[in-house]
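A.B. asks: Take a look at query.txt, compact mmCIF, C-alpha atoms:
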```txt
# COMPACT_ATOMS: atom_id res chain seq x y z
CA MET G 649 0.00 0.00 0.00
CA ALA G 650 1.68 3.17 -1.24
CA VAL G 651 -0.59 5.69 0.44
CA ASP G 652 0.87 7.75 3.31
CA ILE G 653 -2.16 8.37 5.52
CA LYS G 654 -0.14 10.45 7.98
CA THR G 655 0.63 13.01 5.29
CA ILE G 656 -2.92 13.01 3.93
CA PHE G 657 -4.39 13.46 7.39
CA THR G 658 -2.04 16.36 8.17
CA GLU G 659 -2.80 18.06 4.84
CA LEU G 660 -6.54 17.56 5.36
CA ASN G 661 -6.53 19.67 8.51
CA THR G 662 -4.63 22.53 6.85
CA ASP G 663 -6.60 22.65 3.60
CA ASP G 664 -9.78 24.71 3.97
CA ARG G 665 -11.15 23.37 0.68
CA LEU G 666 -10.74 19.76 1.76
CA ILE G 667 -12.22 20.49 5.18
CA GLU G 668 -15.29 22.09 3.57
CA GLN G 669 -15.66 19.27 1.04
CA THR G 670 -15.34 16.62 3.76
CA SER G 671 -17.83 18.40 6.00
CA GLU G 672 -20.38 18.79 3.19
CA ILE G 673 -20.23 15.10 2.31
CA ILE G 674 -20.50 14.02 5.95
CA LYS G 675 -23.32 16.48 6.58
CA SER G 676 -25.23 15.16 3.57
CA LYS G 677 -24.89 11.55 4.71
CA VAL G 678 -25.85 12.33 8.31
CA LEU G 679 -28.66 14.84 7.89
CA PHE G 680 -30.19 14.00 4.56
CA GLU G 681 -29.67 10.31 3.81
CA GLU G 682 -30.67 8.80 7.13
CA ALA G 683 -32.07 11.10 9.80
CA SER G 684 -34.35 12.89 7.34
CA GLU G 685 -36.14 9.62 6.51
CA LEU G 686 -37.37 9.38 10.10
CA PHE G 687 -37.33 13.01 11.23
CA THR G 688 -37.46 16.53 9.82
CA ILE G 689 -34.26 18.54 10.18
CA VAL G 690 -34.93 22.13 11.28
CA PRO G 691 -31.93 24.48 10.95
CA GLY G 692 -31.46 27.81 12.65
CA ILE G 693 -33.03 27.06 16.02
CA LYS G 694 -32.20 29.32 18.96
CA GLY G 695 -32.38 28.73 22.68
CA GLY G 696 -35.67 30.02 24.10
CA GLN G 697 -37.32 30.17 20.68
CA GLN G 698 -41.02 29.31 20.97
CA VAL G 699 -42.36 26.03 19.58
CA ALA G 700 -46.09 26.50 20.04
CA ALA G 701 -48.97 24.59 18.49
CA ALA G 702 -52.67 24.90 19.12
CA LYS G 703 -55.47 22.44 18.54
CA THR G 704 -57.67 23.70 15.70
CA PRO G 705 -60.87 25.19 17.21
CA GLU G 706 -64.29 23.90 16.22
CA TYR G 707 -67.84 25.25 16.50
CA ILE G 708 -67.03 28.75 15.31
CA THR G 709 -69.74 29.07 12.63
CA ARG G 710 -73.37 29.86 13.48
CA ALA G 711 -76.34 31.74 12.12
CA SER G 712 -75.79 35.46 11.74
CA GLN G 713 -76.41 37.41 14.93
CA GLY G 714 -76.92 40.66 13.04
CA CYS G 715 -75.55 43.94 14.34
CA GLY G 716 -74.11 43.73 17.82
CA GLY G 717 -73.93 39.93 17.92
CA ASN G 718 -71.60 38.42 20.47
CA ALA G 719 -68.22 37.11 19.32
CA LEU G 720 -67.21 33.58 20.21
CA ASN G 721 -64.22 32.73 22.34
CA PRO G 722 -63.67 29.03 21.48
CA ASP G 723 -61.65 26.85 23.79
CA MET G 724 -58.27 26.38 22.16
CA PRO G 725 -55.94 24.34 24.39
CA ALA G 726 -52.29 24.85 23.57
CA ILE G 727 -49.04 23.32 24.75
CA SER G 728 -46.10 25.66 24.64
CA GLN G 729 -42.57 24.43 24.18
CA LYS G 730 -39.22 26.10 23.59
CA TRP G 731 -36.16 25.00 21.69
CA ASN G 732 -33.30 24.32 24.07
CA PRO G 733 -30.37 23.23 21.90
CA LYS G 734 -27.34 21.74 23.60
CA LEU G 735 -23.79 21.41 22.35
CA ALA G 736 -22.97 17.92 21.11
CA GLU G 737 -19.24 17.31 20.90
CA ILE G 738 -17.34 14.64 18.99
CA LYS G 739 -13.76 13.90 19.94
CA ILE G 740 -12.26 10.57 18.90
CA LYS G 741 -8.70 9.32 18.95
CA TYR G 742 -7.00 6.32 17.34
CA CYS G 743 -3.41 5.21 17.19
CA TYR G 744 -1.79 4.89 13.77
CA THR G 745 -1.77 1.08 13.78
CA ASP G 746 -5.48 0.78 14.59
CA PHE G 747 -6.46 3.50 12.12
CA MET G 748 -4.43 1.85 9.35
CA GLY G 749 -6.14 -1.43 10.15
CA PHE G 750 -9.58 0.17 9.92
CA PHE G 751 -8.66 1.63 6.52
CA THR G 752 -7.42 -1.71 5.24
CA GLN G 753 -10.55 -3.56 6.35
CA TRP G 754 -12.75 -0.82 4.89
CA GLY G 755 -10.94 -1.26 1.56
CA LEU G 756 -11.45 -5.02 1.54
CA LYS G 757 -15.13 -4.64 2.48
CA ASN G 758 -15.66 -2.20 -0.40
CA GLY G 759 -13.95 -4.36 -3.00
CA TYR G 760 -10.58 -2.62 -3.26
CA ALA G 761 -7.29 -4.46 -3.67
CA ILE G 762 -4.90 -3.46 -0.88
CA LYS G 763 -2.25 -2.36 -3.42
CA ASP G 764 -4.74 0.02 -5.03
CA LEU G 765 -5.67 1.94 -1.87
CA GLY G 766 -4.60 5.53 -2.35
CA GLU G 767 -5.48 9.09 -1.41
CA THR G 768 -8.92 9.02 -3.07
CA GLU G 769 -9.87 5.82 -1.25
CA PHE G 770 -8.59 7.16 2.06
CA MET G 771 -10.79 10.24 1.71
CA LYS G 772 -13.80 8.01 1.00
CA PHE G 773 -12.91 6.01 4.10
CA ILE G 774 -12.83 9.20 6.20
CA TYR G 775 -16.25 10.23 4.86
CA ASP G 776 -17.75 6.84 5.76
CA PHE G 777 -15.92 6.47 9.07
CA VAL G 778 -16.99 9.84 10.47
CA SER G 779 -20.47 10.06 8.98
CA GLU G 780 -21.54 6.60 10.15
CA ALA G 781 -20.42 7.40 13.70
CA ILE G 782 -22.19 10.78 13.81
CA LYS G 783 -25.30 9.37 12.11
CA ALA G 784 -25.73 6.61 14.68
CA ASP G 785 -25.22 9.02 17.58
CA MET G 786 -27.64 11.63 16.24
CA LEU G 787 -30.38 9.02 15.88
CA ARG G 788 -29.73 7.66 19.37
CA ILE G 789 -29.89 11.16 20.86
CA ALA G 790 -33.08 12.02 18.95
CA LEU G 791 -34.74 8.81 20.14
CA LEU G 792 -33.52 8.27 23.69
CA ALA G 793 -31.72 11.30 25.09
CA ASN G 794 -32.80 12.34 28.57
CA GLU G 795 -31.10 15.04 30.63
CA ASP G 796 -32.26 13.29 33.83
CA ILE G 797 -30.95 9.86 32.91
CA ALA G 798 -28.29 9.88 35.64
CA THR G 799 -30.95 10.51 38.28
CA ALA G 800 -33.19 7.81 36.80
CA GLY G 801 -30.28 5.40 37.08
CA TYR G 802 -31.50 2.78 34.63
CA LEU G 803 -28.48 2.54 32.34
CA ILE G 804 -26.58 -0.72 32.71
CA ASP G 805 -23.31 1.20 32.70
CA SER G 806 -23.55 4.62 34.37
CA ALA G 807 -20.42 5.67 32.48
CA LYS G 808 -22.67 5.95 29.40
CA ASN G 809 -24.78 8.70 31.00
CA GLU G 810 -22.75 11.27 29.08
CA PHE G 811 -23.94 9.78 25.77
CA TYR G 812 -27.61 10.12 26.74
CA ASP G 813 -27.94 13.36 28.75
CA ILE G 814 -27.02 15.64 25.84
CA ILE G 815 -30.45 17.20 25.20
CA PRO G 816 -33.47 17.58 27.52
CA LYS G 817 -35.71 14.93 25.93
CA GLY G 818 -35.57 12.73 22.85
CA LEU G 819 -38.64 11.15 21.28
CA ILE G 820 -39.32 8.46 23.90
CA PRO G 821 -38.92 10.70 27.00
CA THR G 822 -41.07 13.32 25.22
CA LEU G 823 -43.85 10.78 24.68
CA GLN G 824 -43.52 9.61 28.29
CA TYR G 825 -44.00 13.19 29.45
CA PHE G 826 -47.01 13.67 27.15
CA THR G 827 -48.72 10.67 28.77
CA THR G 828 -48.97 12.82 31.91
CA VAL G 829 -50.74 15.68 30.11
CA GLY G 830 -54.50 15.28 30.46
CA ALA G 831 -55.30 17.07 27.19
CA LEU G 832 -53.32 14.40 25.33
CA SER G 833 -54.83 11.29 26.92
CA ASP G 834 -56.62 10.33 23.70
CA ASN G 835 -53.31 10.39 21.81
CA PHE G 836 -52.16 7.09 23.29
CA VAL G 837 -53.15 3.47 22.84
CA PRO G 838 -51.87 0.60 25.04
CA LEU G 839 -48.77 -1.32 24.05
CA SER G 840 -49.31 -4.38 26.21
CA ALA G 841 -46.08 -6.13 25.22
CA ASN G 842 -44.09 -3.53 27.17
CA VAL G 843 -45.52 -4.80 30.46
CA GLN G 844 -45.74 -8.53 29.79
CA ALA G 845 -43.29 -11.05 31.26
CA ASP G 846 -41.42 -11.49 27.98
CA PRO G 847 -41.82 -8.29 25.92
CA TYR G 848 -40.16 -9.91 22.91
CA ASN G 849 -42.70 -12.73 22.69
CA LEU G 850 -45.18 -11.10 20.30
CA SER G 851 -48.25 -12.85 18.95
CA ALA G 852 -48.45 -13.40 15.20
CA GLU G 853 -50.80 -10.46 14.60
CA TYR G 854 -49.54 -8.14 17.34
CA SER G 855 -48.17 -5.33 15.16
CA LYS G 856 -51.05 -5.59 12.70
CA ASP G 857 -53.55 -4.99 15.48
CA LEU G 858 -51.42 -2.24 17.05
CA PHE G 859 -50.96 -0.35 13.77
CA ARG G 860 -54.70 -0.62 13.15
CA GLN G 861 -55.33 1.18 16.43
CA LEU G 862 -52.81 3.88 15.54
CA THR G 863 -54.51 4.66 12.23
CA ARG G 864 -58.14 4.53 13.39
CA ASP G 865 -60.12 7.58 14.50
CA VAL G 866 -57.28 10.08 14.08
CA ALA G 867 -58.04 13.79 13.82
CA PHE G 868 -55.09 14.54 11.54
CA ASP G 869 -54.04 13.64 8.02
CA GLN G 870 -52.36 10.27 7.61
CA GLY G 871 -48.63 10.56 8.11
CA GLN G 872 -46.14 7.78 8.73
CA ILE G 873 -45.77 5.19 11.46
CA LEU G 874 -42.35 5.20 13.07
CA CYS G 875 -41.59 2.17 15.22
CA ASN G 876 -38.76 0.03 16.53
CA GLY G 877 -37.38 -2.80 14.42
CA LYS G 878 -38.98 -5.63 16.41
CA LEU G 879 -42.50 -4.33 15.80
CA TYR G 880 -41.76 -3.91 12.10
CA GLN G 881 -40.38 -7.44 11.86
CA ASN G 882 -43.51 -8.80 13.54
CA TYR G 883 -45.66 -7.04 10.91
CA GLU G 884 -43.38 -8.38 8.17
CA ASP G 885 -43.69 -11.90 9.60
CA TYR G 886 -47.46 -11.59 9.45
CA PHE G 887 -47.30 -11.08 5.68
CA GLU G 888 -44.83 -13.93 5.28
CA ASP G 889 -47.32 -16.19 7.06
CA LEU G 890 -50.01 -15.03 4.64
CA ALA G 891 -47.73 -15.97 1.76
CA GLY G 892 -47.29 -19.41 3.27
CA ALA G 893 -51.06 -19.75 3.37
CA GLY G 894 -51.24 -19.04 -0.35
CA ILE G 895 -52.39 -15.44 -0.16
CA GLU G 896 -50.44 -13.53 -2.79
CA THR G 897 -51.62 -9.95 -2.27
CA SER G 898 -48.39 -8.01 -2.89
CA VAL G 899 -46.54 -10.45 -0.64
CA ASN G 900 -43.94 -11.15 -3.31
CA ARG G 901 -43.07 -7.47 -3.53
CA ILE G 902 -42.75 -7.29 0.26
CA LEU G 903 -40.56 -10.37 0.56
CA ASN G 904 -38.36 -9.24 -2.33
CA GLY G 905 -37.82 -5.85 -0.76
CA GLN G 906 -39.52 -4.02 -3.62
CA GLY G 907 -42.07 -2.22 -1.52
CA ARG G 908 -42.52 -0.56 1.84
CA LEU G 909 -45.01 -1.89 4.32
CA SER G 910 -47.85 0.42 5.22
CA ARG G 911 -51.10 0.50 7.14
CA ALA G 912 -54.21 2.37 5.95
CA GLY G 913 -52.08 4.46 3.63
CA ALA G 914 -49.50 5.36 6.29
CA PRO G 915 -46.00 4.11 5.35
CA ILE G 916 -44.16 2.33 8.14
CA VAL G 917 -40.55 3.30 8.85
CA TYR G 918 -38.45 1.75 11.56
CA THR G 919 -35.12 1.92 13.31
CA GLN G 920 -33.13 -1.13 14.33
CA GLY G 921 -30.88 1.13 16.40
CA PHE G 922 -33.53 1.58 19.08
CA ASP G 923 -33.70 -2.17 19.79
CA ARG G 924 -29.91 -2.39 19.99
CA TRP G 925 -29.49 0.60 22.30
CA ARG G 926 -32.45 -0.44 24.44
CA LYS G 927 -31.09 -3.96 24.92
CA ASN G 928 -27.38 -3.13 25.26
CA ASP G 929 -27.58 0.01 27.36
CA ILE G 930 -30.89 0.03 29.22
CA GLU G 931 -32.32 -3.44 29.58
CA ALA G 932 -30.43 -5.01 32.50
CA VAL G 933 -32.41 -8.25 32.38
CA THR G 934 -34.24 -9.75 29.39
CA GLY G 935 -37.96 -9.63 30.05
CA ASP G 936 -37.74 -6.94 32.73
CA PRO G 937 -40.61 -4.62 31.73
CA GLY G 938 -40.87 -1.21 33.31
CA VAL G 939 -37.11 -0.72 33.65
CA GLY G 940 -36.05 2.47 31.93
CA GLU G 941 -37.42 3.12 28.47
CA PRO G 942 -40.14 0.96 26.86
CA VAL G 943 -39.00 -2.11 24.94
CA HIS G 944 -41.23 -1.19 21.96
CA PHE G 945 -42.70 2.04 20.62
CA ALA G 946 -44.74 3.27 17.67
CA ILE G 947 -45.97 6.72 16.73
CA HIS G 948 -48.27 7.75 13.88
CA THR G 949 -47.78 11.35 12.79
CA ASP G 950 -46.52 13.42 9.90
CA LYS G 951 -42.74 13.43 9.63
CA THR G 952 -42.77 17.23 9.92
CA ASN G 953 -44.02 16.74 13.48
CA LEU G 954 -40.86 14.90 14.51
CA GLN G 955 -38.14 17.53 14.44
CA ILE G 956 -34.42 17.46 15.04
CA GLY G 957 -33.39 21.08 15.51
CA VAL G 958 -29.82 22.09 14.70
CA ASP G 959 -28.31 25.51 15.11
CA ASP G 960 -27.17 25.70 11.50
CA LEU G 961 -26.69 23.30 8.61
CA ARG G 962 -23.14 24.64 8.53
CA SER G 963 -22.56 23.51 12.10
CA LEU G 964 -20.93 20.25 11.05
CA GLU G 965 -18.28 22.27 9.26
CA ASP G 966 -16.63 23.00 12.60
CA MET G 967 -14.49 19.92 12.13
CA THR G 968 -10.78 19.28 12.58
CA PHE G 969 -8.50 16.39 11.69
CA GLU G 970 -5.19 16.19 13.52
CA TYR G 971 -2.25 13.82 13.36
CA ILE G 972 0.29 13.98 16.16
CA GLY G 973 3.58 12.32 15.28
CA GLY G 974 6.54 11.37 17.42
CA ASP G 975 5.91 8.91 20.21
CA ASP G 976 2.17 9.62 20.15
CA GLU G 977 1.26 8.80 16.56
CA HIS G 978 -2.44 9.34 17.08
CA PHE G 979 -5.19 10.58 14.80
CA TYR G 980 -7.80 12.94 16.25
CA ILE G 981 -11.18 13.76 14.70
CA LYS G 982 -13.16 16.57 16.36
CA ALA G 983 -16.49 18.22 15.58
CA ASN G 984 -19.46 19.77 17.34
CA TYR G 985 -23.00 20.89 16.64
CA MET G 986 -26.03 22.16 18.58
CA MET G 987 -29.19 20.07 18.56
CA ASP G 988 -32.55 19.46 20.23
CA PHE G 989 -35.67 17.39 19.56
CA LYS G 990 -39.32 18.43 19.59
CA ILE G 991 -42.82 17.26 18.63
CA PRO G 992 -44.05 20.77 17.75
CA ASN G 993 -47.76 19.87 17.53
CA PRO G 994 -48.60 17.46 20.36
CA PHE G 995 -52.23 17.26 19.21
CA ASP G 996 -51.39 15.66 15.87
CA PHE G 997 -50.02 12.24 16.76
CA LYS G 998 -51.18 8.90 18.04
CA ALA G 999 -48.63 6.75 19.86
CA ALA G 1000 -48.07 3.53 21.77
CA ILE G 1001 -45.30 3.17 24.36
```
Would you mind writing the file out in structure tokens?
C.D. replies:
Amino acid sequence: MAVDIKTIFTELNTDDRLIEQTSEIIKSKVLFEEASELFTIVPGIKGGQQVAAAKTPEYITRASQGCGGNALNPDMPAISQKWNPKLAEIKIKYCYTDFMGFFTQWGLKNGYAIKDLGETEFMKFIYDFVSEAIKADMLRIALLANEDIATAGYLIDSAKNEFYDIIPKGLIPTLQYFTTVGALSDNFVPLSANVQADPYNLSAEYSKDLFRQLTRDVAFDQGQILCNGKLYQNYEDYFEDLAGAGIETSVNRILNGQGRLSRAGAPIVYTQGFDRWRKNDIEAVTGDPGVGEPVHFAIHTDKTNLQIGVDDLRSLEDMTFEYIGGDDEHFYIKANYMMDFKIPNPFDFKAAI
């Protein structure tokens, strides 16, 4: 392998053009290829900025009262929220030998011959290496972050608190809070598997029945259903069982990966990351319902109602790449960005947790 990654890494940090190009590619992969499928990215948020939504009033039209008729003052419950972005910092360090090994394995995985790995391939490796790490973390924060997680004390390893207390509330803690708001009581349906002895033992039609409840009697336009991977797999298994019974309604497309599952016109999107983080970081004992976050979740709403706020789409450009030679011989990758999560209109969703 002829490439000198030490030289490339050093030049990368001193070349503004390369820094900007690298940041743009990473930003595109993180914010637009993955997170934007599940959430809406909102740039330009400021601390204290209002996020207010009101339930649309009804019963405002009546027969004319003529001159001097009384005006109506319809009840319009509102829940006020404010953006509270927090600084998320990335600072990773690898020794030369490990970093070279990662590059070599990346090359083999992507079909490159070791002798052909050069500067272009190393830059592609950097794009993938950094963007995949940031992408996974941003999704975890948006789903599970909780500023009070240390007090709650339900992480298996308390040393991981710092990876979860970055913003006030991600999606799941936000939904847990909304269950305590009386005006939102009709927004929730039971998810019985979360409190059964073995939450992973789902009946054959569990997700089908759950998704039916989430799409019935909603007072908003059909959006999407976002859920964890286990619930999606259960729904997928249901259709596979139908195929085994000889029912061919679009099953072939589903099994061949040519279509996306949906319910009542609402496409279903899912994240496998939630199941992994829930099991590895939060679930101390398999089948221990009620410990920490729910084992399963699903929410039906428009994607624009699930918002990751960032201070600026240029925020990921605050990135540095450093190589320290001598006895150290370590590579450093550093970046930071401000983010928060909100459901701006709490009246327009139906969820199960």
A.B. asks: Please determine, counting only C-alpha atoms, which residue among G:Trp925, G:Phe887, G:Tyr918, G:Tyr854 has the shortest atom-to-atom distance to His948 in chain G.
C.D. replies: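 Checking each of G:Trp925, G:Phe887, G:Tyr918, G:Tyr854 against His948 in chain G, counting only C-alpha atoms, the winner is G:Tyr918.
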A.B. asks: Could you give me, as a list in words, the residues within 12 Å of Ala807 in chain G, counting only C-alpha atoms and dropping anything in the same chain fewer than 5 positions from it?
C.D. replies: Ile797, Ala798, Gly801, Tyr802, Tyr812, Asp813 and Asp929 of chain G
A.B. asks: Can you tell me, as JSON, numbers by chain, what residues are no more than 12 Å from Thr752 in chain G when counting only C-alpha atoms, ignoring any on the same chain fewer than 2 positions away?
C.D. replies: {"G": [649, 651, 653, 745, 746, 747, 748, 749, 750, 754, 755, 756, 757, 758, 759, 760, 761, 762, 763, 764, 765, 766, 769, 770, 773]}
A.B. asks: Mind listing whatever residues come within 8 Å of the point (-52.2, 15.5, 15.7)? Use only C-alpha atoms, file coordinates, and give them as a list of chain:residue names.
C.D. replies: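 The residues near that point, listed by chain and number, are G:Val866, G:Ala867, G:Phe868, G:Thr949, G:Asn993, G:Pro994, G:Phe995, G:Asp996, G:Phe997, G:Lys998.
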A.B. asks: Near range 869-884 of chain G, within 7 Å and counting only C-alpha atoms, which residues show up once chain neighbours fewer than 2 positions away are dropped, as a list in words?
C.D. replies: Ala852, Ser855, Lys856, Tyr886, Phe887, Glu888, Ala914, Pro915, Ile916, Val917, Tyr918, Thr919, Gln920, Phe922, Asp923, His944, Phe945, Ala946, Ile947, His948, Thr949, Asp950 and Lys951 of chain G
